>>> print(open('entry-v4.pdb').read())   # PDB, C-alpha atoms
ATOM      1  CA  ASP A 507       1.442  27.988 -39.718
ATOM      2  CA  PRO A 508       1.634  25.039 -42.166
ATOM      3  CA  GLU A 509       3.926  22.966 -39.932
ATOM      4  CA  LYS A 510       1.732  23.289 -36.839
ATOM      5  CA  ARG A 511      -1.377  22.651 -38.922
ATOM      6  CA  GLN A 512       0.167  19.462 -40.330
ATOM      7  CA  MET A 513       1.174  18.269 -36.868
ATOM      8  CA  THR A 514      -2.326  19.028 -35.612
ATOM      9  CA  ALA A 515      -3.818  17.118 -38.544
ATOM     10  CA  ASN A 516      -1.550  14.154 -37.745
ATOM     11  CA  ASN A 517      -2.762  14.066 -34.154
ATOM     12  CA  HIS A 518      -6.399  14.671 -35.076
ATOM     13  CA  THR A 519      -6.512  11.799 -37.542
ATOM     14  CA  ALA A 520      -4.628   9.619 -35.047
ATOM     15  CA  THR A 521      -7.357  10.408 -32.503
ATOM     16  CA  HIS A 522      -9.983   9.037 -34.930
ATOM     17  CA  LEU A 523      -7.869   5.933 -35.521
ATOM     18  CA  LEU A 524      -7.381   5.484 -31.768
ATOM     19  CA  HIS A 525     -11.138   5.704 -31.214
ATOM     20  CA  TYR A 526     -11.698   3.057 -33.882
ATOM     21  CA  ALA A 527      -8.928   0.864 -32.420
ATOM     22  CA  LEU A 528     -10.413   1.078 -28.919
ATOM     23  CA  ARG A 529     -13.838   0.023 -30.162
ATOM     24  CA  SER A 530     -12.247  -2.799 -32.162
ATOM     25  CA  VAL A 531      -9.938  -4.089 -29.412
ATOM     26  CA  ILE A 532     -11.816  -3.285 -26.189
ATOM     27  CA  GLY A 533     -15.411  -3.385 -27.372
ATOM     28  CA  LYS A 534     -18.206  -1.402 -28.999
ATOM     29  CA  ASP A 535     -19.307  -0.086 -25.595
ATOM     30  CA  VAL A 536     -16.349   2.327 -25.632
ATOM     31  CA  GLU A 537     -17.566   5.905 -25.986
ATOM     32  CA  GLN A 538     -15.534   9.059 -26.384
ATOM     33  CA  LYS A 539     -15.855  11.327 -23.334
ATOM     34  CA  GLY A 540     -13.500  14.096 -24.340
ATOM     35  CA  SER A 541     -10.343  14.817 -26.288
ATOM     36  CA  LEU A 542      -7.543  17.300 -26.814
ATOM     37  CA  VAL A 543      -5.571  17.747 -30.018
ATOM     38  CA  THR A 544      -2.482  19.965 -30.178
ATOM     39  CA  PRO A 545       0.499  20.059 -32.551
ATOM     40  CA  ASP A 546       2.605  18.230 -29.949
ATOM     41  CA  ARG A 547       0.309  15.517 -28.609
ATOM     42  CA  LEU A 548      -3.184  14.101 -28.365
ATOM     43  CA  ARG A 549      -5.386  13.110 -25.448
ATOM     44  CA  PHE A 550      -8.433  10.858 -25.612
ATOM     45  CA  ASP A 551     -10.914  10.185 -22.788
ATOM     46  CA  PHE A 552     -13.216   7.197 -23.084
ATOM     47  CA  SER A 553     -15.652   5.125 -21.074
ATOM     48  CA  HIS A 554     -14.145   1.989 -19.557
ATOM     49  CA  PHE A 555     -14.312   0.665 -16.004
ATOM     50  CA  THR A 556     -10.958  -1.105 -15.736
ATOM     51  CA  LYS A 557      -7.337  -0.142 -16.262
ATOM     52  CA  LEU A 558      -6.024  -1.250 -19.634
ATOM     53  CA  THR A 559      -3.472  -4.033 -19.402
ATOM     54  CA  LYS A 560      -0.034  -3.699 -20.937
ATOM     55  CA  GLU A 561      -1.078  -6.242 -23.554
ATOM     56  CA  GLU A 562      -4.211  -4.257 -24.431
ATOM     57  CA  ILE A 563      -2.224  -1.036 -24.773
ATOM     58  CA  LEU A 564       0.295  -2.714 -27.073
ATOM     59  CA  LYS A 565      -2.512  -4.243 -29.129
ATOM     60  CA  ILE A 566      -4.278  -0.868 -29.503
ATOM     61  CA  GLU A 567      -1.021   0.817 -30.448
ATOM     62  CA  ALA A 568      -0.208  -1.873 -33.015
ATOM     63  CA  PHE A 569      -3.736  -1.589 -34.439
ATOM     64  CA  VAL A 570      -3.341   2.163 -35.013
ATOM     65  CA  ASN A 571       0.141   1.786 -36.524
ATOM     66  CA  SER A 572      -1.199  -0.893 -38.853
ATOM     67  CA  LEU A 573      -3.847   1.556 -40.102
ATOM     68  CA  ILE A 574      -1.115   4.160 -40.575
ATOM     69  CA  ARG A 575       1.044   1.775 -42.626
ATOM     70  CA  GLN A 576      -1.943   0.902 -44.813
ATOM     71  CA  ASN A 577      -1.833   4.541 -45.968
ATOM     72  CA  ILE A 578      -5.632   4.737 -46.043
ATOM     73  CA  PRO A 579      -6.929   7.750 -48.025
ATOM     74  CA  ARG A 580      -9.183  10.337 -46.452
ATOM     75  CA  ASN A 581     -12.830  10.298 -47.513
ATOM     76  CA  ILE A 582     -14.804  13.445 -46.691
ATOM     77  CA  ALA A 583     -18.490  13.971 -47.409
ATOM     78  CA  GLU A 584     -19.793  17.520 -46.923
ATOM     79  CA  ASP A 585     -23.349  18.639 -46.134
ATOM     80  CA  ILE A 586     -24.712  15.167 -45.484
ATOM     81  CA  PRO A 587     -28.113  14.977 -43.742
ATOM     82  CA  PHE A 588     -27.550  13.926 -40.141
ATOM     83  CA  ALA A 589     -29.831  10.893 -40.485
ATOM     84  CA  ASP A 590     -27.943   9.723 -43.602
ATOM     85  CA  ALA A 591     -24.613  10.134 -41.811
ATOM     86  CA  LYS A 592     -25.830   7.920 -38.980
ATOM     87  CA  GLU A 593     -26.883   5.278 -41.512
ATOM     88  CA  MET A 594     -23.338   5.420 -42.921
ATOM     89  CA  GLY A 595     -22.128   4.337 -39.491
ATOM     90  CA  ALA A 596     -20.637   7.709 -38.592
ATOM     91  CA  ILE A 597     -19.945   8.128 -34.881
ATOM     92  CA  ALA A 598     -21.147  11.356 -33.286
ATOM     93  CA  LEU A 599     -18.590  12.755 -30.856
ATOM     94  CA  PHE A 600     -19.202  13.443 -27.194
ATOM     95  CA  GLY A 601     -20.243  17.020 -26.359
ATOM     96  CA  GLU A 602     -20.683  18.137 -29.967
ATOM     97  CA  LYS A 603     -23.836  19.782 -31.282
ATOM     98  CA  TYR A 604     -24.812  18.940 -34.851
ATOM     99  CA  GLY A 605     -27.080  20.680 -37.315
ATOM    100  CA  ASP A 606     -29.269  19.158 -40.003
ATOM    101  CA  LYS A 607     -26.288  18.877 -42.360
ATOM    102  CA  VAL A 608     -22.978  17.426 -41.199
ATOM    103  CA  ARG A 609     -19.450  16.659 -42.367
ATOM    104  CA  VAL A 610     -18.376  13.024 -42.385
ATOM    105  CA  VAL A 611     -14.680  12.108 -42.211
ATOM    106  CA  GLY A 612     -13.691   8.554 -43.002
ATOM    107  CA  PHE A 613     -10.481   6.555 -43.094
ATOM    108  CA  GLY A 614     -11.544   3.099 -44.174
ATOM    109  CA  SER A 615     -13.833   1.691 -41.481
ATOM    110  CA  SER A 616     -13.191   4.668 -39.191
ATOM    111  CA  VAL A 617     -16.096   7.018 -39.874
ATOM    112  CA  GLU A 618     -16.947  10.002 -37.663
ATOM    113  CA  LEU A 619     -18.793  13.297 -37.787
ATOM    114  CA  CYS A 620     -16.056  15.912 -37.678
ATOM    115  CA  GLY A 621     -15.305  19.459 -38.802
ATOM    116  CA  GLY A 622     -11.572  19.469 -38.159
ATOM    117  CA  THR A 623      -8.377  19.216 -40.170
ATOM    118  CA  HIS A 624      -7.075  15.778 -41.175
ATOM    119  CA  VAL A 625      -4.265  14.223 -43.202
ATOM    120  CA  LEU A 626      -4.841  13.209 -46.818
ATOM    121  CA  ARG A 627      -3.619   9.675 -46.096
ATOM    122  CA  THR A 628      -2.925   7.897 -42.835
ATOM    123  CA  GLY A 629       0.677   7.190 -43.870
ATOM    124  CA  THR A 630       1.449  10.881 -43.360
ATOM    125  CA  ILE A 631       1.149  10.319 -39.600
ATOM    126  CA  GLY A 632       4.246   8.121 -39.734
ATOM    127  CA  MET A 633       4.105   6.666 -36.222
ATOM    128  CA  PHE A 634       1.773   6.496 -33.226
ATOM    129  CA  LYS A 635       2.984   5.950 -29.647
ATOM    130  CA  ILE A 636       0.916   5.781 -26.455
ATOM    131  CA  ILE A 637       2.816   7.453 -23.611
ATOM    132  CA  SER A 638       0.304   7.061 -20.762
ATOM    133  CA  GLU A 639      -3.013   5.492 -19.735
ATOM    134  CA  SER A 640      -4.758   6.625 -16.567
ATOM    135  CA  ALA A 641      -8.069   7.183 -14.777
ATOM    136  CA  VAL A 642      -9.642  10.648 -14.766
ATOM    137  CA  ALA A 643     -13.000   9.776 -13.160
ATOM    138  CA  SER A 644     -15.099   6.779 -12.230
ATOM    139  CA  GLY A 645     -15.506   4.734 -15.396
ATOM    140  CA  ILE A 646     -13.457   7.194 -17.486
ATOM    141  CA  ARG A 647      -9.952   6.391 -18.728
ATOM    142  CA  ARG A 648      -7.482   8.661 -20.530
ATOM    143  CA  ILE A 649      -4.891   7.858 -23.170
ATOM    144  CA  GLU A 650      -2.159  10.330 -24.104
ATOM    145  CA  ALA A 651      -0.128   9.767 -27.220
ATOM    146  CA  VAL A 652       2.285  11.326 -29.695
ATOM    147  CA  THR A 653       2.758  10.923 -33.425
ATOM    148  CA  SER A 654       5.221  11.584 -36.219
ATOM    149  CA  ALA A 655       8.360  13.524 -35.182
ATOM    150  CA  LYS A 656       7.186  13.777 -31.564
ATOM    151  CA  ALA A 657       6.891   9.985 -31.421
ATOM    152  CA  GLU A 658      10.453   9.727 -32.746
ATOM    153  CA  GLU A 659      11.638  12.191 -30.092
ATOM    154  CA  TYR A 660       9.889  10.182 -27.380
ATOM    155  CA  LEU A 661      11.375   6.852 -28.499
ATOM    156  CA  ASN A 662      14.830   8.324 -29.037
ATOM    157  CA  GLY A 663      14.693   9.719 -25.509
ATOM    158  CA  ILE A 664      13.933   6.258 -24.131
ATOM    159  CA  ILE A 665      16.725   4.706 -26.216
ATOM    160  CA  SER A 666      19.147   7.407 -25.049
ATOM    161  CA  SER A 667      18.246   6.697 -21.415
ATOM    162  CA  ALA A 668      18.761   2.980 -21.981
ATOM    163  CA  GLU A 669      22.165   3.674 -23.510
ATOM    164  CA  GLU A 670      23.130   5.823 -20.522
ATOM    165  CA  VAL A 671      22.108   3.023 -18.148
ATOM    166  CA  ALA A 672      24.119   0.563 -20.222
ATOM    167  CA  SER A 673      27.110   2.893 -19.998
ATOM    168  CA  LEU A 674      26.768   3.129 -16.215
ATOM    169  CA  LEU A 675      26.664  -0.664 -16.072
ATOM    170  CA  ASN A 676      29.678  -0.906 -18.395
ATOM    171  CA  LEU A 677      27.694  -2.898 -20.951
ATOM    172  CA  LYS A 678      28.669  -3.033 -24.599
ATOM    173  CA  SER A 679      25.020  -3.134 -25.696
ATOM    174  CA  THR A 680      21.601  -2.461 -24.198
ATOM    175  CA  GLY A 681      20.378  -6.016 -24.766
ATOM    176  CA  ASN A 682      20.845  -7.270 -21.200
ATOM    177  CA  ILE A 683      19.975  -4.120 -19.241
ATOM    178  CA  VAL A 684      16.977  -5.705 -17.504
ATOM    179  CA  GLU A 685      19.030  -8.693 -16.359
ATOM    180  CA  ASN A 686      21.817  -6.499 -15.024
ATOM    181  CA  VAL A 687      19.528  -3.983 -13.318
ATOM    182  CA  SER A 688      17.581  -6.852 -11.758
ATOM    183  CA  LYS A 689      20.856  -8.239 -10.425
ATOM    184  CA  LEU A 690      21.768  -4.846  -8.976
ATOM    185  CA  VAL A 691      18.344  -4.497  -7.334
ATOM    186  CA  ASN A 692      18.728  -7.911  -5.714
ATOM    187  CA  GLU A 693      22.217  -7.061  -4.519
ATOM    188  CA  ASN A 694      21.001  -3.725  -3.168
ATOM    189  CA  THR A 695      18.138  -5.417  -1.322
ATOM    190  CA  ALA A 696      20.538  -7.903   0.256
ATOM    191  CA  LEU A 697      22.918  -5.083   1.186
ATOM    192  CA  ARG A 698      20.095  -3.085   2.788
ATOM    193  CA  LYS A 699      19.036  -6.103   4.835
ATOM    194  CA  SER A 700      22.620  -6.551   5.967
ATOM    195  CA  MET A 701      22.888  -2.856   6.846
ATOM    196  CA  ASP A 702      19.573  -2.971   8.736
ATOM    197  CA  LYS A 703      20.830  -5.967  10.721
ATOM    198  CA  SER A 704      24.126  -4.241  11.507
ATOM    199  CA  ARG A 705      22.343  -1.031  12.503
ATOM    200  CA  SER A 706      19.976  -2.989  14.719
ATOM    201  CA  GLN A 707      22.878  -4.715  16.461
ATOM    202  CA  ALA A 708      24.753  -1.430  16.904
ATOM    203  CA  ALA A 709      21.603   0.246  18.209
ATOM    204  CA  PHE A 710      21.170  -2.534  20.778
ATOM    205  CA  PHE A 711      24.618  -1.966  22.306
ATOM    206  CA  ILE A 712      24.254   1.836  22.247
ATOM    207  CA  ARG A 713      20.851   1.568  23.924
ATOM    208  CA  LYS A 714      22.174  -0.750  26.636
ATOM    209  CA  GLU A 715      25.051   1.635  27.358
ATOM    210  CA  LEU A 716      22.707   4.621  27.539
ATOM    211  CA  GLU A 717      20.327   2.739  29.831
ATOM    212  CA  GLN A 718      23.153   2.125  32.284
ATOM    213  CA  ARG A 719      23.495   5.904  32.681
ATOM    214  CA  ALA A 720      19.741   6.542  33.007
ATOM    215  CA  THR A 721      18.516   9.168  35.473
ATOM    216  CA  GLU A 722      15.664   8.129  37.769
ATOM    217  CA  LEU A 723      12.944  10.756  37.931
ATOM    218  CA  ARG A 724       9.485  10.634  39.488
ATOM    219  CA  GLY A 725       7.990   7.456  38.079
ATOM    220  CA  PHE A 726      10.123   7.142  34.944
ATOM    221  CA  ARG A 727      13.684   6.999  33.624
ATOM    222  CA  LEU A 728      15.366   9.671  31.552
ATOM    223  CA  ILE A 729      17.774   8.135  29.052
ATOM    224  CA  LYS A 730      19.819  10.654  27.125
ATOM    225  CA  GLY A 731      23.018  10.960  25.184
ATOM    226  CA  ILE A 732      24.808  12.244  22.110
ATOM    227  CA  ILE A 733      25.746   9.413  19.786
ATOM    228  CA  ASP A 734      28.247   9.179  16.949
ATOM    229  CA  THR A 735      26.361   8.231  13.797
ATOM    230  CA  GLU A 736      26.039   9.302  10.183
ATOM    231  CA  SER A 737      22.404   8.219   9.908
ATOM    232  CA  GLN A 738      19.196   9.636  11.351
ATOM    233  CA  GLU A 739      17.823   6.104  11.040
ATOM    234  CA  MET A 740      20.120   5.029  13.885
ATOM    235  CA  LEU A 741      18.330   7.434  16.236
ATOM    236  CA  LYS A 742      14.943   6.023  15.224
ATOM    237  CA  THR A 743      16.162   2.431  15.527
ATOM    238  CA  ILE A 744      17.328   3.030  19.102
ATOM    239  CA  ALA A 745      14.029   4.758  19.911
ATOM    240  CA  ASN A 746      11.938   1.933  18.462
ATOM    241  CA  GLN A 747      13.924  -0.696  20.347
ATOM    242  CA  LEU A 748      13.492   1.131  23.646
ATOM    243  CA  ARG A 749       9.813   1.796  23.036
ATOM    244  CA  ASN A 750       9.220  -1.903  22.377
ATOM    245  CA  SER A 751      11.207  -3.077  25.401
ATOM    246  CA  SER A 752      10.232  -0.557  28.059
ATOM    247  CA  ASP A 753       7.219   1.308  29.404
ATOM    248  CA  ASP A 754       8.887   3.742  31.812
ATOM    249  CA  ALA A 755      11.431   5.650  29.721
ATOM    250  CA  VAL A 756      11.853   9.049  28.127
ATOM    251  CA  LEU A 757      14.644   9.007  25.546
ATOM    252  CA  VAL A 758      16.443  12.133  24.352
ATOM    253  CA  LEU A 759      19.103  11.582  21.701
ATOM    254  CA  GLY A 760      21.351  13.996  19.869
ATOM    255  CA  ALA A 761      23.690  13.594  16.922
ATOM    256  CA  ALA A 762      25.715  15.820  14.625
ATOM    257  CA  ILE A 763      25.134  14.598  11.077
ATOM    258  CA  GLU A 764      26.692  16.296   8.056
ATOM    259  CA  GLY A 765      27.381  19.435  10.048
ATOM    260  CA  LYS A 766      23.815  19.788  11.347
ATOM    261  CA  ALA A 767      22.264  19.072  14.734
ATOM    262  CA  ASN A 768      19.669  16.319  15.069
ATOM    263  CA  LEU A 769      17.462  15.667  18.085
ATOM    264  CA  LEU A 770      15.030  12.863  18.867
ATOM    265  CA  VAL A 771      12.640  12.539  21.784
ATOM    266  CA  MET A 772      10.783   9.282  22.502
ATOM    267  CA  VAL A 773       8.220   8.864  25.282
ATOM    268  CA  CYS A 774       6.971   5.355  26.091
ATOM    269  CA  ASP A 775       3.265   4.897  25.407
ATOM    270  CA  LYS A 776       2.357   4.317  29.048
ATOM    271  CA  LEU A 777       3.934   7.612  30.069
ATOM    272  CA  VAL A 778       2.010   9.386  27.334
ATOM    273  CA  SER A 779      -1.297   7.970  28.572
ATOM    274  CA  ASP A 780      -0.711   7.860  32.356
ATOM    275  CA  LYS A 781       1.540  10.854  33.005
ATOM    276  CA  LYS A 782       0.510  12.919  29.985
ATOM    277  CA  LEU A 783       4.128  13.352  28.912
ATOM    278  CA  ASN A 784       4.440  14.612  25.357
ATOM    279  CA  ALA A 785       7.468  14.277  23.088
ATOM    280  CA  VAL A 786       6.442  17.286  20.968
ATOM    281  CA  THR A 787       6.122  19.539  24.031
ATOM    282  CA  LEU A 788       9.570  18.516  25.253
ATOM    283  CA  MET A 789      11.078  18.949  21.811
ATOM    284  CA  LYS A 790       9.771  22.524  21.571
ATOM    285  CA  GLU A 791      11.625  23.318  24.791
ATOM    286  CA  ILE A 792      14.991  21.868  23.779
ATOM    287  CA  SER A 793      15.183  22.440  19.995
ATOM    288  CA  LEU A 794      15.816  26.150  20.585
ATOM    289  CA  LYS A 795      19.264  25.197  21.839
ATOM    290  CA  ILE A 796      20.261  23.944  18.381
ATOM    291  CA  ASP A 797      18.673  26.896  16.523
ATOM    292  CA  GLY A 798      16.124  24.576  14.987
ATOM    293  CA  GLY A 799      12.662  23.160  15.215
ATOM    294  CA  GLY A 800      10.656  20.065  14.504
ATOM    295  CA  GLY A 801       7.590  18.124  15.465
ATOM    296  CA  GLY A 802       6.025  14.710  15.525
ATOM    297  CA  GLN A 803       3.611  12.799  17.722
ATOM    298  CA  PRO A 804       3.177  12.552  21.523
ATOM    299  CA  PHE A 805       5.367   9.447  21.640
ATOM    300  CA  LEU A 806       8.038  10.519  19.104
ATOM    301  CA  ALA A 807       9.359  13.876  17.931
ATOM    302  CA  THR A 808      12.377  14.889  15.864
ATOM    303  CA  ALA A 809      14.087  18.187  15.124
ATOM    304  CA  GLY A 810      16.953  19.525  13.095
ATOM    305  CA  GLY A 811      19.043  22.637  13.610
ATOM    306  CA  LYS A 812      22.108  24.459  12.413
ATOM    307  CA  ASN A 813      23.946  24.534  15.767
ATOM    308  CA  PRO A 814      25.496  21.134  16.642
ATOM    309  CA  SER A 815      27.398  22.748  19.524
ATOM    310  CA  GLY A 816      24.084  23.208  21.304
ATOM    311  CA  LEU A 817      23.290  19.497  21.548
ATOM    312  CA  SER A 818      24.730  19.061  25.049
ATOM    313  CA  GLU A 819      22.796  22.050  26.340
ATOM    314  CA  ALA A 820      19.621  20.680  24.701
ATOM    315  CA  LEU A 821      19.975  17.415  26.620
ATOM    316  CA  GLU A 822      20.598  19.291  29.859
ATOM    317  CA  GLU A 823      17.526  21.435  29.203
ATOM    318  CA  ALA A 824      15.481  18.260  28.712
ATOM    319  CA  GLU A 825      16.475  17.013  32.155
ATOM    320  CA  ARG A 826      15.724  20.388  33.769
ATOM    321  CA  PHE A 827      12.314  20.514  32.105
ATOM    322  CA  LEU A 828      11.349  16.980  33.146
ATOM    323  CA  LYS A 829      12.450  17.513  36.738
ATOM    324  CA  LYS A 830       9.977  20.379  37.024
ATOM    325  CA  LEU A 831       7.015  18.151  36.139
TER     326      LEU A 831
END
>>> encode(input="entry-v4.pdb", output="structure tokens")
Amino acid sequence: DPEKRQMTANNHTATHLLHYALRSVIGKDVEQKGSLVTPDRLRFDFSHFTKLTKEEILKIEAFVNSLIRQNIPRNIAEDIPFADAKEMGAIALFGEKYGDKVRVVGFGSSVELCGGTHVLRTGTIGMFKIISESAVASGIRRIEAVTSAKAEEYLNGIISSAEEVASLLNLKSTGNIVENVSKLVNENTALRKSMDKSRSQAAFFIRKELEQRATELRGFRLIKGIIDTESQEMLKTIANQLRNSSDDAVLVLGAAIEGKANLLVMVCDKLVSDKKLNAVTLMKEISLKIDGGGGGQPFLATAGGKNPSGLSEALEEAERFLKKL
């Protein structure tokens, strides 16, 4: 398949240029530790103990693209004695076994022992774009990249996404996307803080009202109720407030949210340790009433179910269960 072979050659030559760029930019101690070349992309593993910075990645990428624009011709020497190839400065690749005679592939100062397919000139590659840099093992980093038409596809995808964001922000151009998104993030953060404050205040009043209707059991209070809320976070906020302000309470809350039943059980830490009360055990008993299930930790358990009409019965079952203890 001539097209796939050409794309493979593009990526293979780009791998050689990347290796040369890494040794030029990062240092001569860089050694290849593995690679993958396909028609669609290339992958290069190399020895290095720190994550590459954004500046280093851009510098390596620019280095490779500069070699591509120089349109350097391929120089291949067949059946060269291995010792002579080493004197030529050819780099032997990781994991390869070489005979007495080798094939040397060079593109300017990039010289390696290689038996694979390559472009006639570097300009054929067109473009080189690094799409990721990551760690694969201790002291081993990995670069993944694309070339030619695949690089164009990758960049066009990014540009298309930027244009979509600009459209959502009602911008005429993509030039000030960062500024506008940053503004939205700041506004969202402020809004979340405001919402958290409002939820905390609402939770305080709900908790106080529920505490007024608490049932005194043997050595602890049972606080229960079904609250009107559209957020599961409200249940957790009430539970956290009560847990931080009391050491003698078991809280059982219910709420119908988006047509589904939600239950929360909180047991104060002292009751967990002294009386061996367990929120998960209690939740298993009452979640059946809402046709659901859940779990959690001894001090806090949650459950969801498909039967909101069973919430009242679940709370009643909680009281019956605790009275038996």
>>> closest_residue(input="entry-v4.pdb", among="A:Ala589, A:Leu788, A:Val543, A:Val684", to="Gly622 (chain A)", atoms="all atoms listed in the file")
A:Val543
>>> closest_residue(input="entry-v4.pdb", among="A:Lys766, A:Lys776, A:Lys560, A:Lys635", to="Leu524 (chain A)", atoms="all atoms listed in the file")
A:Lys635
>>> resolve_selection(input="entry-v4.pdb", expression="the PyMOL selection byres ((chain A and resi 638-650) around 7)", output="list of chain:residue names")
A:Leu548, A:Arg549, A:Phe550, A:Asp551, A:Phe552, A:Ser553, A:His554, A:Phe555, A:Ile636, A:Ile637, A:Ala651
>>> residues_around(input="entry-v4.pdb", residues="Ala745 (chain A)", least_positions_apart="6", cutoff="9 Å", atoms="all atoms listed in the file", output="list in words")
Ala709, Arg713, Leu757, Val758, Leu759, Leu770, Val771, Met772, Val773 and Leu806 of chain A
>>> closest_residue(input="entry-v4.pdb", among="A:Leu697, A:Met633, A:Ala809, A:Ile712", to="Gln738 (chain A)", atoms="only C-alpha atoms")
A:Ala809
>>> residues_near_point(input="entry-v4.pdb", point="(23.0, 26.2, 24.6)", cutoff="12 Å", atoms="all atoms listed in the file", output="list in words")
Glu791, Ile792, Ser793, Leu794, Lys795, Ile796, Asp797, Gly798, Asn813, Pro814, Ser815, Gly816, Leu817, Ser818, Glu819, Ala820, Leu821, Glu822, Glu823 and Ala824 of chain A
>>> closest_residue(input="entry-v4.pdb", among="A:Ser737, A:Thr630, A:Asn676, A:Asn686", to="Arg705 (chain A)", atoms="only C-alpha atoms")
A:Ser737
>>> atom_distance(input="entry-v4.pdb", atom1="CA of Lys730 (chain A)", atom2="CA of Glu825 (chain A)")
8.8 Å
